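First up is the structure itself, then whatever we jot down about it.
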Amino acid sequence: MKIRPVRAAEHPRVREVHERAFGDPRIPVLVDTLHAAPAPLPPLSFVATVDDRVVGHVMLSASRLDAPRRLVDVYVLSPLGVLPEWQRQGVGTRLVAHALDAAGDVPLVFLEGSPGYYGKRGFAPATPLGFRAPSLRIPEPAFQVAVRPSYEPWMTGSLVYSAPFWDLDCVGLRA
């Protein structure tokens, strides 16, 4: 398996990964929209390939932390998708590790997801560290953060998702 930046010609394959992984038609649209949206940090998008077949995808997109001193540019890891037949084989783990390595000097990477899964991959509950979720629909255990070396203790506050998450209603859980 190889992990590398997504190529423009692979966007249909990335869409297929997310369609099959999530079964939610908004997720592939979210990926496309995040790629095209103006942002303070460039989106980072990686695929996992096996024999040149795209089997997984992860994306880091810019958001902001509304901290007491000033706004802080941060990344949100979303979405992470792996084709169903490739799940539970380490693809997602490698994609998350690669994305965190690629985040550079960004001080924080947030996500909403399974604490059991992401807790083993460098993420911790965000609320006890002084962060507020961008939506009441995000269960507290699902709101997580990876604290990076450039983090400073004053960097607390509310995560503010970028517009595509809101425009496509891809925030939090729905009943």
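Going by the structure tokens order, chains are called A, B, ..., each with residues numbered from 1, while ligands are numbered from 1 in the order shown.
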
Taking only residues of stretch 141-161 of chain A that have an atom at most 7 Å from an atom of stretch 58-65 of chain A, what is each one's shortest atom pair and its distance in Å to one decimal, using only C-alpha atoms, in chain and number order, as CSV?
```
residue,atom,partner,partner_atom,distance
A:Gly157,CA,A:Leu65,CA,6.3
A:Ser158,CA,A:Leu65,CA,5.6
A:Leu159,CA,A:Leu65,CA,4.5
A:Val160,CA,A:Arg64,CA,5.2
A:Tyr161,CA,A:Ser63,CA,5.1
```

Write the selection just made, keeping N, CA and C atoms, as a CSV table (one decimal), in the first residue's frame?
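Okay, this is what ended up in selection.csv:
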```csv
chain,number,residue,atom,x,y,z
A,157,GLY,N,-10.6,27.5,23.1
A,157,GLY,CA,-11.7,28.2,22.6
A,157,GLY,C,-12.6,27.4,21.8
A,158,SER,N,-13.4,28.0,20.9
A,158,SER,CA,-14.4,27.3,20.0
A,158,SER,C,-13.8,27.0,18.7
A,159,LEU,N,-14.0,25.8,18.2
A,159,LEU,CA,-13.7,25.4,16.8
A,159,LEU,C,-14.8,26.0,16.0
A,160,VAL,N,-14.4,26.6,14.9
A,160,VAL,CA,-15.3,27.2,13.9
A,160,VAL,C,-15.1,26.5,12.6
A,161,TYR,N,-16.0,25.6,12.2
A,161,TYR,CA,-15.9,24.9,10.9
A,161,TYR,C,-16.0,25.9,9.8
```

Go through stretch 52-166 of chain A and flag each residue having an atom no more than 10 Å from stretch 5-15 of chain A; for those, report the closest pair of atoms plus their distance in Å to one decimal, using only C-alpha atoms, ordered by chain and rising number, as a tab-separated table.
```
residue	atom	partner	partner_atom	distance
A:Arg53	CA	A:Arg13	CA	8.5
A:Val54	CA	A:Arg13	CA	6.4
A:Val55	CA	A:Val14	CA	8.5
A:Gly56	CA	A:Val14	CA	7.5
A:His57	CA	A:Val14	CA	6.4
A:Val58	CA	A:Val14	CA	9.3
A:Met59	CA	A:Val6	CA	9.6
A:Gly81	CA	A:Val14	CA	8.7
A:Val82	CA	A:Val14	CA	9.6
A:Leu83	CA	A:Val14	CA	9.9
A:Ala99	CA	A:Pro5	CA	10.0
```

Exercise: A:Gly90 partners within 12 Å, only C-alpha atoms, chain neighbours under 3 positions left out, as a ChimeraX atom specification: /A:1-3,48,55-56,82-83,85-87,93-97,117,121

Nearest to A:Leu41 by atom-to-atom distance, counting only C-alpha atoms, from A:Gly116, A:Leu129, A:Ser162, A:Phe143: A:Ser162

Distance query A:Pro28 at most 12 Å, only C-alpha atoms, self and fewer than 2 positions along chain excluded, as a PyMOL selection string: chain A and resi 11-26+30-35+57-59+78-81+164+168+170

Write out the residues from the selection above, keeping N, CA and C atoms, as a compact mmCIF listing (two decimals), in the first residue's frame.
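Below you can see again.txt, which holds the result:
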```
# COMPACT_ATOMS: atom_id res chain seq x y z
N HIS A 11 -10.27 12.14 -8.63
CA HIS A 11 -11.43 12.62 -7.87
C HIS A 11 -12.64 11.70 -8.01
N PRO A 12 -12.93 11.14 -9.20
CA PRO A 12 -14.05 10.19 -9.27
C PRO A 12 -13.83 8.95 -8.39
N ARG A 13 -12.59 8.50 -8.29
CA ARG A 13 -12.31 7.34 -7.43
C ARG A 13 -12.46 7.70 -5.95
N VAL A 14 -12.05 8.91 -5.61
CA VAL A 14 -12.21 9.38 -4.23
C VAL A 14 -13.70 9.47 -3.89
N ARG A 15 -14.47 9.99 -4.82
CA ARG A 15 -15.93 10.07 -4.60
C ARG A 15 -16.50 8.66 -4.36
N GLU A 16 -16.06 7.70 -5.15
CA GLU A 16 -16.54 6.32 -4.99
C GLU A 16 -16.18 5.78 -3.61
N VAL A 17 -14.96 6.04 -3.15
CA VAL A 17 -14.55 5.58 -1.81
C VAL A 17 -15.54 6.09 -0.77
N HIS A 18 -15.85 7.37 -0.80
CA HIS A 18 -16.72 7.95 0.22
C HIS A 18 -18.18 7.54 0.04
N GLU A 19 -18.61 7.38 -1.20
CA GLU A 19 -19.98 6.89 -1.43
C GLU A 19 -20.15 5.51 -0.82
N ARG A 20 -19.17 4.65 -1.03
CA ARG A 20 -19.26 3.28 -0.54
C ARG A 20 -18.99 3.20 0.96
N ALA A 21 -18.08 4.01 1.46
CA ALA A 21 -17.73 3.95 2.89
C ALA A 21 -18.84 4.53 3.77
N PHE A 22 -19.48 5.61 3.31
CA PHE A 22 -20.46 6.30 4.15
C PHE A 22 -21.90 6.06 3.74
N GLY A 23 -22.15 5.79 2.46
CA GLY A 23 -23.52 5.65 2.01
C GLY A 23 -24.31 6.95 2.13
N ASP A 24 -23.61 8.06 2.17
CA ASP A 24 -24.23 9.38 2.33
C ASP A 24 -23.78 10.24 1.15
N PRO A 25 -24.70 10.66 0.28
CA PRO A 25 -24.30 11.39 -0.92
C PRO A 25 -23.67 12.76 -0.63
N ARG A 26 -23.82 13.28 0.58
CA ARG A 26 -23.22 14.58 0.90
C ARG A 26 -21.71 14.51 1.06
N LEU A 30 -18.93 17.08 -0.16
CA LEU A 30 -18.12 17.80 0.82
C LEU A 30 -16.65 17.82 0.41
N VAL A 31 -16.13 16.68 0.00
CA VAL A 31 -14.73 16.60 -0.43
C VAL A 31 -14.49 17.55 -1.60
N ASP A 32 -15.34 17.49 -2.61
CA ASP A 32 -15.17 18.37 -3.77
C ASP A 32 -15.24 19.84 -3.36
N THR A 33 -16.18 20.17 -2.49
CA THR A 33 -16.36 21.56 -2.07
C THR A 33 -15.18 22.05 -1.24
N LEU A 34 -14.68 21.21 -0.34
CA LEU A 34 -13.52 21.59 0.46
C LEU A 34 -12.27 21.81 -0.40
N HIS A 35 -12.13 21.00 -1.44
CA HIS A 35 -10.99 21.19 -2.36
C HIS A 35 -11.05 22.56 -3.04
N HIS A 57 -9.11 7.30 1.39
CA HIS A 57 -8.86 8.74 1.23
C HIS A 57 -9.02 9.43 2.58
N VAL A 58 -8.18 10.43 2.80
CA VAL A 58 -8.31 11.29 3.97
C VAL A 58 -8.05 12.72 3.54
N MET A 59 -8.69 13.64 4.26
CA MET A 59 -8.54 15.05 3.93
C MET A 59 -8.37 15.87 5.19
N SER A 78 -11.29 15.38 8.07
CA SER A 78 -12.60 14.91 7.64
C SER A 78 -12.74 15.13 6.14
N PRO A 79 -13.20 14.16 5.45
CA PRO A 79 -13.54 12.82 5.90
C PRO A 79 -12.36 11.86 5.78
N LEU A 80 -12.50 10.74 6.44
CA LEU A 80 -11.63 9.59 6.28
C LEU A 80 -12.51 8.47 5.78
N GLY A 81 -12.20 7.93 4.61
CA GLY A 81 -13.01 6.86 4.05
C GLY A 81 -12.14 5.75 3.50
N PRO A 164 -18.22 25.02 4.03
CA PRO A 164 -18.76 23.82 3.39
C PRO A 164 -19.40 22.82 4.36
N LEU A 168 -23.42 22.07 3.62
CA LEU A 168 -23.84 20.72 3.24
C LEU A 168 -24.44 19.94 4.42
N CYS A 170 -23.04 18.86 7.15
CA CYS A 170 -22.15 17.74 7.51
C CYS A 170 -21.51 17.98 8.87
```

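With only C-alpha atoms as the atoms that count, the residue of A:Val145, A:Val50, A:Val29, A:Leu136 with the shortest distance to A:Tyr75 is A:Val145.
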
Those in stretch 42-154 of chain A with alpha helix (DSSP H) from DSSP, as a PyMOL selection string: chain A and resi 91-102+115-118

Got time to write the residues from that selection, N, CA, C and O atoms, as a PDB file, in the first residue's frame?
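Writing the result to part-v7.pdb gives the following:
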```pdb
ATOM      1  N   VAL A  91      -5.584   0.471   6.632  1.00  0.00           N
ATOM      2  CA  VAL A  91      -5.589   1.561   5.653  1.00  0.00           C
ATOM      3  C   VAL A  91      -5.900   2.888   6.334  1.00  0.00           C
ATOM      4  O   VAL A  91      -5.183   3.882   6.166  1.00  0.00           O
ATOM      5  N   GLY A  92      -6.966   2.923   7.121  1.00  0.00           N
ATOM      6  CA  GLY A  92      -7.337   4.157   7.811  1.00  0.00           C
ATOM      7  C   GLY A  92      -6.257   4.624   8.772  1.00  0.00           C
ATOM      8  O   GLY A  92      -5.951   5.817   8.844  1.00  0.00           O
ATOM      9  N   THR A  93      -5.672   3.695   9.498  1.00  0.00           N
ATOM     10  CA  THR A  93      -4.603   4.037  10.442  1.00  0.00           C
ATOM     11  C   THR A  93      -3.438   4.708   9.723  1.00  0.00           C
ATOM     12  O   THR A  93      -2.919   5.730  10.182  1.00  0.00           O
ATOM     13  N   ARG A  94      -3.050   4.149   8.602  1.00  0.00           N
ATOM     14  CA  ARG A  94      -1.931   4.736   7.846  1.00  0.00           C
ATOM     15  C   ARG A  94      -2.305   6.084   7.258  1.00  0.00           C
ATOM     16  O   ARG A  94      -1.475   6.999   7.216  1.00  0.00           O
ATOM     17  N   LEU A  95      -3.536   6.240   6.793  1.00  0.00           N
ATOM     18  CA  LEU A  95      -3.972   7.533   6.258  1.00  0.00           C
ATOM     19  C   LEU A  95      -3.978   8.604   7.349  1.00  0.00           C
ATOM     20  O   LEU A  95      -3.521   9.734   7.126  1.00  0.00           O
ATOM     21  N   VAL A  96      -4.476   8.277   8.534  1.00  0.00           N
ATOM     22  CA  VAL A  96      -4.491   9.245   9.637  1.00  0.00           C
ATOM     23  C   VAL A  96      -3.061   9.641  10.011  1.00  0.00           C
ATOM     24  O   VAL A  96      -2.761  10.829  10.170  1.00  0.00           O
ATOM     25  N   ALA A  97      -2.171   8.676  10.146  1.00  0.00           N
ATOM     26  CA  ALA A  97      -0.775   8.976  10.497  1.00  0.00           C
ATOM     27  C   ALA A  97      -0.134   9.867   9.441  1.00  0.00           C
ATOM     28  O   ALA A  97       0.569  10.836   9.774  1.00  0.00           O
ATOM     29  N   HIS A  98      -0.385   9.571   8.183  1.00  0.00           N
ATOM     30  CA  HIS A  98       0.184  10.373   7.101  1.00  0.00           C
ATOM     31  C   HIS A  98      -0.359  11.798   7.148  1.00  0.00           C
ATOM     32  O   HIS A  98       0.394  12.768   6.997  1.00  0.00           O
ATOM     33  N   ALA A  99      -1.655  11.931   7.364  1.00  0.00           N
ATOM     34  CA  ALA A  99      -2.265  13.264   7.429  1.00  0.00           C
ATOM     35  C   ALA A  99      -1.681  14.071   8.586  1.00  0.00           C
ATOM     36  O   ALA A  99      -1.352  15.260   8.423  1.00  0.00           O
ATOM     37  N   LEU A 100      -1.536  13.452   9.748  1.00  0.00           N
ATOM     38  CA  LEU A 100      -0.966  14.178  10.891  1.00  0.00           C
ATOM     39  C   LEU A 100       0.474  14.598  10.620  1.00  0.00           C
ATOM     40  O   LEU A 100       0.875  15.711  10.963  1.00  0.00           O
ATOM     41  N   ASP A 101       1.249  13.733   9.992  1.00  0.00           N
ATOM     42  CA  ASP A 101       2.621  14.104   9.626  1.00  0.00           C
ATOM     43  C   ASP A 101       2.638  15.264   8.647  1.00  0.00           C
ATOM     44  O   ASP A 101       3.508  16.129   8.703  1.00  0.00           O
ATOM     45  N   ALA A 102       1.674  15.294   7.740  1.00  0.00           N
ATOM     46  CA  ALA A 102       1.628  16.331   6.705  1.00  0.00           C
ATOM     47  C   ALA A 102       1.098  17.665   7.221  1.00  0.00           C
ATOM     48  O   ALA A 102       1.233  18.684   6.538  1.00  0.00           O
ATOM     49  N   PRO A 115     -14.147   7.773  19.512  1.00  0.00           N
ATOM     50  CA  PRO A 115     -12.994   7.878  20.408  1.00  0.00           C
ATOM     51  C   PRO A 115     -12.210   6.567  20.476  1.00  0.00           C
ATOM     52  O   PRO A 115     -10.984   6.585  20.632  1.00  0.00           O
ATOM     53  N   GLY A 116     -12.896   5.443  20.351  1.00  0.00           N
ATOM     54  CA  GLY A 116     -12.193   4.166  20.373  1.00  0.00           C
ATOM     55  C   GLY A 116     -11.233   4.014  19.207  1.00  0.00           C
ATOM     56  O   GLY A 116     -10.153   3.446  19.352  1.00  0.00           O
ATOM     57  N   TYR A 117     -11.629   4.517  18.067  1.00  0.00           N
ATOM     58  CA  TYR A 117     -10.784   4.426  16.867  1.00  0.00           C
ATOM     59  C   TYR A 117      -9.691   5.497  16.886  1.00  0.00           C
ATOM     60  O   TYR A 117      -8.496   5.199  16.797  1.00  0.00           O
ATOM     61  N   TYR A 118     -10.094   6.750  16.988  1.00  0.00           N
ATOM     62  CA  TYR A 118      -9.136   7.846  16.855  1.00  0.00           C
ATOM     63  C   TYR A 118      -8.259   8.033  18.089  1.00  0.00           C
ATOM     64  O   TYR A 118      -7.156   8.555  17.994  1.00  0.00           O
TER      65      TYR A 118
END
```

Strand (DSSP E or B) positions in stretch 16-105 of chain A, given as a PyMOL selection string: chain A and resi 44-50+53-66+71-82

Expected file contents, prior selection, C-alpha atoms, as a PDB file, in the first residue's frame:
```pdb
ATOM      1  CA  LEU A  44      -4.366  18.378   2.146  1.00  0.00           C
ATOM      2  CA  SER A  45      -5.819  15.311   0.479  1.00  0.00           C
ATOM      3  CA  PHE A  46      -4.255  11.852   0.383  1.00  0.00           C
ATOM      4  CA  VAL A  47      -5.145   8.502  -1.099  1.00  0.00           C
ATOM      5  CA  ALA A  48      -4.126   5.004  -0.161  1.00  0.00           C
ATOM      6  CA  THR A  49      -3.497   2.869  -3.220  1.00  0.00           C
ATOM      7  CA  VAL A  50      -2.954  -0.834  -3.735  1.00  0.00           C
ATOM      8  CA  ARG A  53      -6.332   1.235  -7.110  1.00  0.00           C
ATOM      9  CA  VAL A  54      -7.587   3.927  -4.729  1.00  0.00           C
ATOM     10  CA  VAL A  55      -8.778   2.090  -1.612  1.00  0.00           C
ATOM     11  CA  GLY A  56      -8.888   4.960   0.892  1.00  0.00           C
ATOM     12  CA  HIS A  57      -8.858   8.739   1.225  1.00  0.00           C
ATOM     13  CA  VAL A  58      -8.309  11.288   3.970  1.00  0.00           C
ATOM     14  CA  MET A  59      -8.543  15.053   3.932  1.00  0.00           C
ATOM     15  CA  LEU A  60      -7.363  17.899   6.123  1.00  0.00           C
ATOM     16  CA  SER A  61      -9.197  21.171   5.575  1.00  0.00           C
ATOM     17  CA  ALA A  62      -8.767  24.563   7.173  1.00  0.00           C
ATOM     18  CA  SER A  63     -10.955  25.775   9.992  1.00  0.00           C
ATOM     19  CA  ARG A  64     -10.368  28.258  12.767  1.00  0.00           C
ATOM     20  CA  LEU A  65     -10.125  28.195  16.506  1.00  0.00           C
ATOM     21  CA  ASP A  66     -11.748  31.236  18.110  1.00  0.00           C
ATOM     22  CA  LEU A  71      -8.149  33.348  15.600  1.00  0.00           C
ATOM     23  CA  VAL A  72      -5.868  30.359  15.086  1.00  0.00           C
ATOM     24  CA  ASP A  73      -5.746  28.476  11.785  1.00  0.00           C
ATOM     25  CA  VAL A  74      -6.243  24.759  12.418  1.00  0.00           C
ATOM     26  CA  TYR A  75      -7.039  21.664  10.408  1.00  0.00           C
ATOM     27  CA  VAL A  76     -10.052  19.379  10.564  1.00  0.00           C
ATOM     28  CA  LEU A  77      -9.483  15.764   9.597  1.00  0.00           C
ATOM     29  CA  SER A  78     -12.602  14.912   7.638  1.00  0.00           C
ATOM     30  CA  PRO A  79     -13.536  12.822   5.899  1.00  0.00           C
ATOM     31  CA  LEU A  80     -11.626   9.586   6.280  1.00  0.00           C
ATOM     32  CA  GLY A  81     -13.009   6.859   4.053  1.00  0.00           C
ATOM     33  CA  VAL A  82     -11.887   3.343   3.178  1.00  0.00           C
TER      34      VAL A  82
END
```
